[in-house]
>>> print(open('target-v2.json').read())   # JSON, C-alpha atoms
[["chain", "number", "residue", "atom", "x", "y", "z"],
["E", 1, "MET", "CA", 0.00, 0.00, 0.00],
["E", 2, "ARG", "CA", 1.51, 3.27, -1.10],
["E", 3, "ALA", "CA", 2.20, 5.88, 1.59],
["E", 4, "ASP", "CA", 1.42, 8.75, -0.79],
["E", 5, "ARG", "CA", -2.06, 7.32, -1.38],
["E", 6, "LEU", "CA", -2.71, 7.09, 2.36],
["E", 7, "VAL", "CA", -1.72, 10.74, 2.75],
["E", 8, "ALA", "CA", -4.09, 11.60, -0.09],
["E", 9, "VAL", "CA", -6.89, 9.71, 1.73],
["E", 10, "LEU", "CA", -6.24, 11.76, 4.89],
["E", 11, "LEU", "CA", -6.28, 15.03, 2.96],
["E", 12, "ILE", "CA", -9.55, 14.15, 1.28],
["E", 13, "LEU", "CA", -11.12, 13.17, 4.60],
["E", 14, "GLN", "CA", -10.00, 16.48, 6.06],
["E", 15, "ALA", "CA", -11.41, 18.48, 3.16],
["E", 16, "ARG", "CA", -14.71, 16.59, 2.83],
["E", 17, "GLY", "CA", -15.47, 15.78, 6.43],
["E", 18, "ARG", "CA", -17.08, 12.51, 5.32],
["E", 19, "VAL", "CA", -16.59, 10.26, 2.30],
["E", 20, "THR", "CA", -17.83, 6.91, 1.08],
["E", 21, "ALA", "CA", -15.53, 4.17, -0.13],
["E", 22, "ALA", "CA", -17.07, 4.51, -3.59],
["E", 23, "GLY", "CA", -16.52, 8.30, -3.64],
["E", 24, "LEU", "CA", -12.94, 7.88, -2.48],
["E", 25, "ALA", "CA", -12.33, 5.27, -5.18],
["E", 26, "ASP", "CA", -13.52, 7.69, -7.86],
["E", 27, "GLU", "CA", -11.38, 10.50, -6.42],
["E", 28, "LEU", "CA", -8.17, 8.48, -6.33],
["E", 29, "GLU", "CA", -8.92, 6.37, -9.42],
["E", 30, "ILE", "CA", -8.65, 3.08, -7.53],
["E", 31, "SER", "CA", -11.06, 0.23, -6.90],
["E", 32, "GLU", "CA", -13.71, 0.52, -4.18],
["E", 33, "ARG", "CA", -12.20, -2.52, -2.48],
["E", 34, "THR", "CA", -8.77, -0.85, -2.37],
["E", 35, "ALA", "CA", -10.31, 2.35, -1.01],
["E", 36, "ARG", "CA", -12.02, 0.43, 1.79],
["E", 37, "ARG", "CA", -8.79, -1.39, 2.64],
["E", 38, "ASP", "CA", -6.95, 1.94, 2.84],
["E", 39, "LEU", "CA", -9.55, 3.38, 5.21],
["E", 40, "GLU", "CA", -9.47, 0.30, 7.41],
["E", 41, "ALA", "CA", -5.66, 0.32, 7.45],
["E", 42, "LEU", "CA", -5.65, 3.92, 8.65],
["E", 43, "ALA", "CA", -8.08, 3.08, 11.43],
["E", 44, "MET", "CA", -6.02, 0.05, 12.49],
["E", 45, "ALA", "CA", -2.87, 2.21, 12.54],
["E", 46, "GLY", "CA", -4.41, 4.44, 15.17],
["E", 47, "ILE", "CA", -5.54, 7.33, 12.93],
["E", 48, "PRO", "CA", -8.90, 8.65, 14.25],
["E", 49, "VAL", "CA", -10.84, 7.41, 11.21],
["E", 50, "TYR", "CA", -14.22, 5.78, 11.81],
["E", 51, "SER", "CA", -17.12, 4.55, 9.71],
["E", 52, "GLN", "CA", -20.81, 5.30, 10.14],
["E", 53, "PRO", "CA", -23.17, 2.78, 8.54],
["E", 54, "GLY", "CA", -26.56, 3.46, 6.99],
["E", 55, "ARG", "CA", -27.97, 6.11, 4.71],
["E", 56, "GLY", "CA", -25.90, 9.28, 4.74],
["E", 57, "GLY", "CA", -23.06, 7.42, 6.42],
["E", 58, "GLY", "CA", -19.48, 7.02, 5.35],
["E", 59, "TRP", "CA", -16.00, 7.47, 6.70],
["E", 60, "SER", "CA", -14.96, 10.48, 8.79],
["E", 61, "LEU", "CA", -12.12, 11.83, 10.89],
["E", 62, "LEU", "CA", -12.81, 12.11, 14.59],
["E", 63, "GLY", "CA", -13.45, 15.72, 15.55],
["E", 64, "GLY", "CA", -14.97, 16.71, 12.23],
["E", 65, "ALA", "CA", -11.64, 16.85, 10.42],
["E", 66, "ARG", "CA", -10.82, 20.30, 11.69],
["E", 67, "THR", "CA", -7.08, 19.63, 11.95],
["E", 68, "ASP", "CA", -5.05, 20.78, 8.92],
["E", 69, "LEU", "CA", -3.45, 17.45, 8.05],
["E", 70, "SER", "CA", -1.59, 18.98, 5.11],
["E", 71, "GLY", "CA", 0.43, 21.16, 7.47],
["E", 72, "LEU", "CA", 0.16, 24.02, 4.96],
["E", 73, "THR", "CA", -0.48, 27.61, 5.92],
["E", 74, "ALA", "CA", -2.40, 29.82, 3.51],
["E", 75, "ALA", "CA", 0.84, 31.50, 2.39],
["E", 76, "GLU", "CA", 2.57, 28.13, 1.86],
["E", 77, "ALA", "CA", -0.33, 26.81, -0.20],
["E", 78, "ARG", "CA", -0.34, 29.97, -2.34],
["E", 79, "THR", "CA", 3.42, 29.73, -2.91],
["E", 80, "LEU", "CA", 3.17, 26.05, -3.82],
["E", 81, "PHE", "CA", 0.64, 26.76, -6.54],
["E", 82, "LEU", "CA", 2.56, 29.78, -7.84],
["E", 83, "VAL", "CA", 5.59, 27.54, -8.36],
["E", 84, "ALA", "CA", 3.71, 24.57, -9.77],
["E", 85, "GLY", "CA", 1.16, 26.48, -11.81],
["E", 86, "PRO", "CA", 3.35, 27.43, -14.81],
["E", 87, "SER", "CA", 4.53, 23.85, -15.28],
["E", 88, "ALA", "CA", 0.98, 22.57, -15.18],
["E", 89, "SER", "CA", 0.25, 24.14, -18.56],
["E", 90, "ALA", "CA", 2.68, 21.67, -20.16],
["E", 91, "THR", "CA", 2.40, 18.58, -17.97],
["E", 92, "PRO", "CA", -0.88, 16.64, -17.74],
["E", 93, "GLN", "CA", 0.30, 14.72, -14.66],
["E", 94, "ILE", "CA", 0.94, 17.96, -12.75],
["E", 95, "LYS", "CA", -2.45, 19.31, -13.84],
["E", 96, "ALA", "CA", -4.17, 16.25, -12.38],
["E", 97, "ALA", "CA", -2.13, 16.42, -9.17],
["E", 98, "LEU", "CA", -2.93, 20.10, -8.65],
["E", 99, "ARG", "CA", -6.64, 19.54, -9.20],
["E", 100, "LYS", "CA", -6.63, 16.85, -6.52],
["E", 101, "LEU", "CA", -4.61, 18.96, -4.12],
["E", 102, "VAL", "CA", -6.94, 21.93, -4.56],
["E", 103, "ARG", "CA", -9.89, 19.74, -3.62],
["E", 104, "ALA", "CA", -7.99, 18.41, -0.60],
["E", 105, "LEU", "CA", -7.02, 21.84, 0.76],
["E", 106, "PRO", "CA", -9.00, 23.41, 3.57],
["E", 107, "GLU", "CA", -11.83, 25.57, 2.20],
["E", 108, "PRO", "CA", -10.26, 28.98, 3.11],
["E", 109, "PHE", "CA", -7.15, 28.11, 1.07],
["E", 110, "ARG", "CA", -8.80, 26.99, -2.14],
["E", 111, "ALA", "CA", -9.69, 30.28, -3.84],
["E", 112, "GLU", "CA", -6.18, 31.72, -3.47],
["E", 113, "ALA", "CA", -4.58, 28.41, -4.50],
["E", 114, "GLU", "CA", -6.68, 28.23, -7.68],
["E", 115, "ALA", "CA", -5.89, 31.87, -8.50],
["E", 116, "ALA", "CA", -2.17, 31.32, -7.88],
["E", 117, "ALA", "CA", -2.12, 28.29, -10.19],
["E", 118, "SER", "CA", -3.19, 30.48, -13.13],
["E", 119, "ALA", "CA", -1.37, 33.68, -12.13],
["E", 120, "VAL", "CA", 1.99, 32.99, -13.79],
["E", 121, "VAL", "CA", 3.04, 31.87, -17.27],
["E", 122, "ILE", "CA", 6.68, 31.02, -17.97],
["E", 123, "ASP", "CA", 7.78, 31.29, -21.59],
["E", 124, "PRO", "CA", 11.22, 29.60, -21.86],
["E", 125, "ALA", "CA", 12.00, 31.15, -25.27],
["E", 126, "SER", "CA", 13.79, 34.51, -25.18],
["E", 127, "TRP", "CA", 13.04, 37.23, -27.71],
["E", 128, "ASP", "CA", 14.20, 36.40, -31.23],
["E", 129, "ARG", "CA", 14.80, 32.77, -30.23],
["E", 130, "THR", "CA", 12.72, 29.77, -31.17],
["E", 131, "HIS", "CA", 11.19, 27.57, -28.46],
["E", 132, "VAL", "CA", 13.34, 24.63, -27.44],
["E", 133, "PRO", "CA", 11.19, 21.47, -27.18],
["E", 134, "THR", "CA", 11.17, 19.37, -24.02],
["E", 135, "PRO", "CA", 13.82, 16.61, -24.30],
["E", 136, "ALA", "CA", 12.44, 13.25, -25.37],
["E", 137, "HIS", "CA", 13.71, 11.30, -22.35],
["E", 138, "LEU", "CA", 13.04, 13.84, -19.59],
["E", 139, "ASP", "CA", 10.21, 11.84, -17.97],
["E", 140, "GLU", "CA", 12.24, 8.63, -17.84],
["E", 141, "LEU", "CA", 15.23, 10.36, -16.28],
["E", 142, "GLN", "CA", 13.03, 12.18, -13.75],
["E", 143, "ARG", "CA", 11.62, 8.81, -12.73],
["E", 144, "ALA", "CA", 15.12, 7.36, -12.41],
["E", 145, "VAL", "CA", 16.24, 10.25, -10.18],
["E", 146, "VAL", "CA", 13.16, 10.00, -7.96],
["E", 147, "GLU", "CA", 13.26, 6.19, -7.69],
["E", 148, "GLY", "CA", 17.04, 6.17, -7.24],
["E", 149, "VAL", "CA", 17.91, 3.62, -9.91],
["E", 150, "GLN", "CA", 20.79, 3.46, -12.35],
["E", 151, "VAL", "CA", 20.15, 3.98, -16.08],
["E", 152, "ARG", "CA", 21.81, 2.93, -19.32],
["E", 153, "ILE", "CA", 21.98, 5.81, -21.75],
["E", 154, "VAL", "CA", 23.05, 6.17, -25.35],
["E", 155, "TYR", "CA", 24.81, 9.52, -25.65],
["E", 156, "ALA", "CA", 26.00, 11.44, -28.71],
["E", 157, "ALA", "CA", 28.68, 13.94, -27.72],
["E", 158, "PRO", "CA", 29.67, 16.57, -30.34],
["E", 159, "ASP", "CA", 31.98, 15.21, -33.05],
["E", 160, "ARG", "CA", 32.14, 11.77, -31.43],
["E", 161, "PRO", "CA", 30.43, 8.44, -32.12],
["E", 162, "GLU", "CA", 27.48, 7.45, -29.95],
["E", 163, "THR", "CA", 28.41, 5.62, -26.75],
["E", 164, "GLU", "CA", 26.39, 3.51, -24.32],
["E", 165, "ARG", "CA", 27.12, 3.75, -20.62],
["E", 166, "THR", "CA", 25.53, 3.04, -17.24],
["E", 167, "VAL", "CA", 25.27, 6.07, -14.96],
["E", 168, "HIS", "CA", 23.94, 6.95, -11.50],
["E", 169, "PRO", "CA", 21.47, 9.82, -12.04],
["E", 170, "LEU", "CA", 21.66, 12.33, -9.17],
["E", 171, "GLY", "CA", 19.58, 15.23, -10.46],
["E", 172, "LEU", "CA", 18.27, 17.25, -13.39],
["E", 173, "VAL", "CA", 18.91, 20.93, -14.08],
["E", 174, "ALA", "CA", 17.15, 23.27, -16.50],
["E", 175, "LYS", "CA", 19.30, 26.26, -17.52],
["E", 176, "ALA", "CA", 16.96, 28.57, -19.43],
["E", 177, "SER", "CA", 15.30, 26.00, -21.73],
["E", 178, "VAL", "CA", 18.23, 23.55, -21.88],
["E", 179, "TRP", "CA", 18.12, 20.45, -19.65],
["E", 180, "TYR", "CA", 21.11, 18.65, -18.14],
["E", 181, "LEU", "CA", 21.53, 15.38, -16.23],
["E", 182, "ILE", "CA", 24.02, 15.31, -13.37],
["E", 183, "ALA", "CA", 25.23, 11.74, -12.87],
["E", 184, "ALA", "CA", 28.00, 9.77, -11.22],
["E", 185, "THR", "CA", 29.95, 7.46, -13.54],
["E", 186, "ASP", "CA", 32.94, 5.16, -13.30],
["E", 187, "ALA", "CA", 35.02, 8.09, -14.50],
["E", 188, "GLY", "CA", 33.63, 10.51, -11.91],
["E", 189, "MET", "CA", 30.86, 13.13, -11.94],
["E", 190, "ARG", "CA", 29.58, 14.05, -15.40],
["E", 191, "THR", "CA", 27.09, 16.48, -16.91],
["E", 192, "PHE", "CA", 24.99, 15.24, -19.85],
["E", 193, "ARG", "CA", 22.95, 17.49, -22.10],
["E", 194, "LEU", "CA", 19.54, 15.83, -22.51],
["E", 195, "SER", "CA", 19.14, 16.85, -26.16],
["E", 196, "ARG", "CA", 22.11, 14.55, -26.90],
["E", 197, "VAL", "CA", 20.65, 11.54, -25.09],
["E", 198, "ARG", "CA", 19.41, 9.10, -27.72],
["E", 199, "ALA", "CA", 18.03, 6.30, -25.52],
["E", 200, "VAL", "CA", 17.36, 5.59, -21.83],
["E", 201, "THR", "CA", 16.81, 2.25, -20.10],
["E", 202, "LEU", "CA", 16.06, 2.09, -16.38],
["E", 203, "THR", "CA", 17.71, -0.72, -14.44],
["E", 204, "GLU", "CA", 16.84, -2.22, -11.06],
["E", 205, "ASP", "CA", 20.24, -1.40, -9.57],
["E", 206, "PRO", "CA", 20.19, 1.32, -6.89],
["E", 207, "VAL", "CA", 22.02, 4.61, -7.35],
["E", 208, "GLU", "CA", 25.20, 5.02, -5.31],
["E", 209, "ARG", "CA", 24.89, 8.63, -4.13],
["E", 210, "PRO", "CA", 28.11, 10.39, -3.07],
["E", 211, "GLN", "CA", 28.07, 11.32, 0.61],
["E", 212, "GLY", "CA", 27.10, 14.94, 1.16],
["E", 213, "PHE", "CA", 26.12, 15.52, -2.47],
["E", 214, "ASP", "CA", 23.98, 18.64, -2.98],
["E", 215, "LEU", "CA", 22.63, 19.24, -6.49],
["E", 216, "GLU", "CA", 22.50, 23.03, -6.33],
["E", 217, "THR", "CA", 26.02, 23.35, -4.91],
["E", 218, "HIS", "CA", 27.40, 20.95, -7.53],
["E", 219, "TRP", "CA", 25.65, 22.78, -10.37],
["E", 220, "ARG", "CA", 27.13, 26.12, -9.30],
["E", 221, "SER", "CA", 30.61, 24.59, -9.52],
["E", 222, "VAL", "CA", 29.80, 23.13, -12.97],
["E", 223, "VAL", "CA", 28.62, 26.52, -14.25],
["E", 224, "ALA", "CA", 31.72, 28.29, -12.90],
["E", 225, "GLU", "CA", 34.05, 25.74, -14.50],
["E", 226, "LEU", "CA", 32.27, 25.76, -17.88],
["E", 227, "ASP", "CA", 32.11, 29.55, -17.91],
["E", 228, "GLU", "CA", 35.87, 29.76, -17.47],
["E", 229, "ARG", "CA", 36.51, 27.19, -20.20],
["E", 230, "ARG", "CA", 34.14, 28.61, -22.82],
["E", 231, "VAL", "CA", 35.30, 32.25, -22.70],
["E", 232, "THR", "CA", 39.04, 32.41, -22.09],
["E", 233, "PHE", "CA", 39.99, 35.51, -24.13],
["E", 234, "ARG", "CA", 40.40, 38.65, -22.00],
["E", 235, "ALA", "CA", 40.73, 42.32, -22.80],
["E", 236, "THR", "CA", 40.79, 45.55, -20.81],
["E", 237, "ALA", "CA", 39.02, 48.70, -21.87],
["E", 238, "ARG", "CA", 38.03, 52.15, -20.68],
["E", 239, "ILE", "CA", 34.37, 53.11, -20.86],
["E", 240, "GLU", "CA", 32.19, 56.09, -20.08],
["E", 241, "ALA", "CA", 30.49, 55.35, -16.74],
["E", 242, "GLU", "CA", 27.02, 56.12, -18.09],
["E", 243, "ALA", "CA", 27.41, 53.41, -20.74],
["E", 244, "ILE", "CA", 28.07, 50.62, -18.21],
["E", 245, "PRO", "CA", 24.39, 49.49, -17.99],
["E", 246, "TRP", "CA", 24.14, 49.21, -21.81],
["E", 247, "LEU", "CA", 27.36, 47.24, -22.09],
["E", 248, "ARG", "CA", 26.43, 45.00, -19.16],
["E", 249, "SER", "CA", 23.06, 44.21, -20.74],
["E", 250, "SER", "CA", 24.96, 42.98, -23.81],
["E", 251, "LEU", "CA", 27.86, 41.16, -22.13],
["E", 252, "GLY", "CA", 26.32, 40.03, -18.84],
["E", 253, "ASN", "CA", 28.78, 38.57, -16.33],
["E", 254, "ARG", "CA", 31.57, 38.60, -18.93],
["E", 255, "LEU", "CA", 32.13, 42.23, -17.91],
["E", 256, "SER", "CA", 33.78, 43.16, -14.61],
["E", 257, "VAL", "CA", 34.78, 46.60, -13.33],
["E", 258, "ARG", "CA", 38.49, 46.86, -12.49],
["E", 259, "GLU", "CA", 38.77, 50.52, -11.55],
["E", 260, "ASP", "CA", 36.18, 53.26, -11.16],
["E", 261, "ALA", "CA", 37.62, 56.74, -11.72],
["E", 262, "GLY", "CA", 34.38, 58.68, -11.82],
["E", 263, "GLU", "CA", 33.33, 59.43, -15.38],
["E", 264, "GLN", "CA", 35.82, 56.89, -16.77],
["E", 265, "VAL", "CA", 35.72, 53.23, -15.72],
["E", 266, "GLU", "CA", 38.33, 50.58, -16.48],
["E", 267, "ILE", "CA", 36.79, 47.19, -17.18],
["E", 268, "GLU", "CA", 37.81, 43.64, -18.07],
["E", 269, "ILE", "CA", 35.84, 41.75, -20.71],
["E", 270, "ARG", "CA", 35.88, 38.03, -21.44],
["E", 271, "SER", "CA", 35.05, 36.71, -24.91],
["E", 272, "TRP", "CA", 35.86, 33.92, -27.34],
["E", 273, "SER", "CA", 38.45, 35.70, -29.52],
["E", 274, "ALA", "CA", 39.71, 39.13, -30.51],
["E", 275, "ARG", "CA", 37.51, 39.10, -33.59],
["E", 276, "SER", "CA", 34.31, 38.20, -31.72],
["E", 277, "LEU", "CA", 34.99, 40.79, -29.02],
["E", 278, "ALA", "CA", 35.63, 43.52, -31.59],
["E", 279, "ALA", "CA", 32.35, 42.66, -33.28],
["E", 280, "GLU", "CA", 30.53, 42.97, -29.94],
["E", 281, "LEU", "CA", 32.11, 46.32, -29.08],
["E", 282, "ALA", "CA", 31.95, 47.99, -32.49],
["E", 283, "GLY", "CA", 28.38, 49.17, -31.99],
["E", 284, "PHE", "CA", 29.32, 51.12, -28.88],
["E", 285, "GLY", "CA", 31.49, 53.50, -30.90],
["E", 286, "ARG", "CA", 33.21, 56.21, -28.91],
["E", 287, "TRP", "CA", 31.83, 54.95, -25.57],
["E", 288, "VAL", "CA", 34.43, 52.17, -25.33],
["E", 289, "GLU", "CA", 38.21, 52.39, -25.81],
["E", 290, "VAL", "CA", 40.05, 49.06, -25.78],
["E", 291, "LEU", "CA", 43.41, 49.39, -24.03],
["E", 292, "HIS", "CA", 44.86, 45.95, -24.79],
["E", 293, "PRO", "CA", 45.51, 43.53, -26.34],
["E", 294, "ALA", "CA", 46.48, 45.31, -29.54],
["E", 295, "GLU", "CA", 44.82, 42.69, -31.75],
["E", 296, "VAL", "CA", 41.37, 43.83, -30.57],
["E", 297, "ARG", "CA", 42.26, 47.43, -31.41],
["E", 298, "ARG", "CA", 43.36, 46.32, -34.89],
["E", 299, "GLU", "CA", 40.11, 44.39, -35.40],
["E", 300, "LEU", "CA", 38.06, 47.45, -34.39],
["E", 301, "ALA", "CA", 40.08, 49.61, -36.79],
["E", 302, "ARG", "CA", 39.47, 47.12, -39.58],
["E", 303, "ILE", "CA", 35.73, 47.09, -38.90],
["E", 304, "GLY", "CA", 35.70, 50.89, -38.86],
["E", 305, "ASP", "CA", 37.52, 51.09, -42.20],
["E", 306, "GLU", "CA", 35.14, 48.58, -43.77],
["E", 307, "LEU", "CA", 32.11, 50.54, -42.56],
["E", 308, "ARG", "CA", 33.58, 53.79, -43.78],
["E", 309, "GLU", "CA", 34.37, 52.22, -47.14],
["E", 310, "ARG", "CA", 30.79, 51.01, -47.54],
["E", 311, "TYR", "CA", 28.81, 53.84, -46.00],
["E", 312, "GLY", "CA", 31.09, 56.88, -45.96],
["E", 313, "GLU", "CA", 30.48, 59.86, -48.27],
["E", 314, "ARG", "CA", 32.39, 59.70, -51.55],
["E", 315, "THR", "CA", 33.26, 62.46, -53.98],
["E", 316, "PRO", "CA", 31.22, 62.48, -57.23],
["E", 317, "GLY", "CA", 32.53, 59.93, -59.72],
["E", 318, "ALA", "CA", 34.57, 58.02, -57.16],
["E", 319, "LYS", "CA", 34.26, 54.26, -57.39],
["E", 320, "ARG", "CA", 34.34, 51.82, -54.51],
["E", 321, "SER", "CA", 37.34, 49.51, -54.54],
["E", 322, "ARG", "CA", 36.34, 45.92, -55.26],
["E", 323, "GLY", "CA", 39.74, 44.28, -55.15],
["E", 324, "ARG", "CA", 40.27, 44.35, -51.40],
["E", 325, "SER", "CA", 39.43, 41.33, -49.30],
["E", 326, "PRO", "CA", 36.93, 42.10, -46.51],
["E", 327, "SER", "CA", 39.48, 40.97, -43.96],
["E", 328, "ALA", "CA", 42.49, 42.74, -45.49],
["E", 329, "THR", "CA", 44.31, 45.24, -43.31],
["E", 330, "PRO", "CA", 44.16, 48.76, -44.85]]
>>> encode(input="target-v2.json", output="structure tokens")
Amino acid sequence: MRADRLVAVLLILQARGRVTAAGLADELEISERTARRDLEALAMAGIPVYSQPGRGGGWSLLGGARTDLSGLTAAEARTLFLVAGPSASATPQIKAALRKLVRALPEPFRAEAEAAASAVVIDPASWDRTHVPTPAHLDELQRAVVEGVQVRIVYAAPDRPETERTVHPLGLVAKASVWYLIAATDAGMRTFRLSRVRAVTLTEDPVERPQGFDLETHWRSVVAELDERRVTFRATARIEAEAIPWLRSSLGNRLSVREDAGEQVEIEIRSWSARSLAAELAGFGRWVEVLHPAEVRRELARIGDELRERYGERTPGAKRSRGRSPSATP
């Protein structure tokens, strides 16, 4: 007999005051016989559940079910539905669970809980970006994490042949709309991008969870390590202080302030290469002056010359040069 179903029975008894075995069976989508066994098991376990025979009878909690068996305050119930509500729009199982929980909540909580469930919509696609679909094997991996069983996965890393391996799933992380699996392997802790998982098979072997493992703490270390590896090129620049918010909105945490001298601020910027950084900074014009390395300054000069060549004013009859390569140094 599942413990979560027994808790659901208690919540329903609390919310209804009195139920029949048939009504409980319909509510929980189980057989009437199973519902009656659950009620009897609760009574035998010492829970103050009793039955009243005859017309209008049924099963009740002693004391009229006035105790809040859920343990939720009004604020906690509202917060729960605010968090769960957005996901419910995409997941039928969560929709069903929320409907049942709403019915099981004490009457004063229900209106706010229902309003909270529909108060927030989360759109995972940023502006100018297409929506990333939910990974095909997300449900299977969620089940593996919750049940604590090892899985065999077929994984296709970039520029490598597909490999099959057995891993110990420890948690799932969604960064924006991209999902990752954190798992222990024979080679140590690994991070797998779910869009590259081609197949998943759950085993019956239990997960061996590292002592003291915390998913959030581990993910922060993964992000810090990947961030350092993916953007290793560094440059220093001087920028007008009033332009800092604009530049930060474009570069995010790749920008750090090194020295604030009032109207002029010295900054460090991380990027992928001199060429990519110059392309990012070119639109800021006079607001940013790159100090070093010199290769970024040369790239910016090249971009400026190309723009002047294409868009600058020309004397009547002058013809644009067509022999120069776009990347040639003037």
>>> closest_residue(input="target-v2.json", among="E:Val167, E:Ile269, E:Ala21, E:Ala8", to="Val200 of chain E", atoms="only C-alpha atoms")
E:Val167
>>> atom_distance(input="target-v2.json", atom1="atom CA of Glu313 of chain E", atom2="atom CA of Glu280 of chain E")
24.9 Å
>>> closest_residue(input="target-v2.json", among="E:Ala301, E:Val9, E:Gly285, E:Glu147", to="Ile30 of chain E", atoms="all atoms listed in the file")
E:Val9
>>> closest_residue(input="target-v2.json", among="E:Val151, E:Val19, E:Val145, E:Val290", to="Leu61 of chain E", atoms="all atoms listed in the file")
E:Val19
>>> atom_distance(input="target-v2.json", atom1="atom CA of Ser221 of chain E", atom2="atom CA of Leu170 of chain E")
15.2 Å
>>> atom_distance(input="target-v2.json", atom1="atom CA of His292 of chain E", atom2="atom CA of Glu268 of chain E")
10.0 Å
>>> closest_residue(input="target-v2.json", among="E:Arg310, E:Ala183, E:Glu162, E:Ala157", to="Ser195 of chain E", atoms="only C-alpha atoms")
E:Ala157
>>> closest_residue(input="target-v2.json", among="E:Tyr50, E:Leu277, E:Ser249, E:Ala117", to="Val102 of chain E", atoms="all atoms listed in the file")
E:Ala117
>>> closest_residue(input="target-v2.json", among="E:Val231, E:Leu42, E:Leu194, E:Leu251", to="Ile182 of chain E", atoms="only C-alpha atoms")
E:Leu194
>>> residues_around(input="target-v2.json", residues="segment 257-266 of chain E", least_positions_apart="5", cutoff="6 Å", atoms="all atoms listed in the file", output="VMD selection string")
chain E and resid 237 to 241
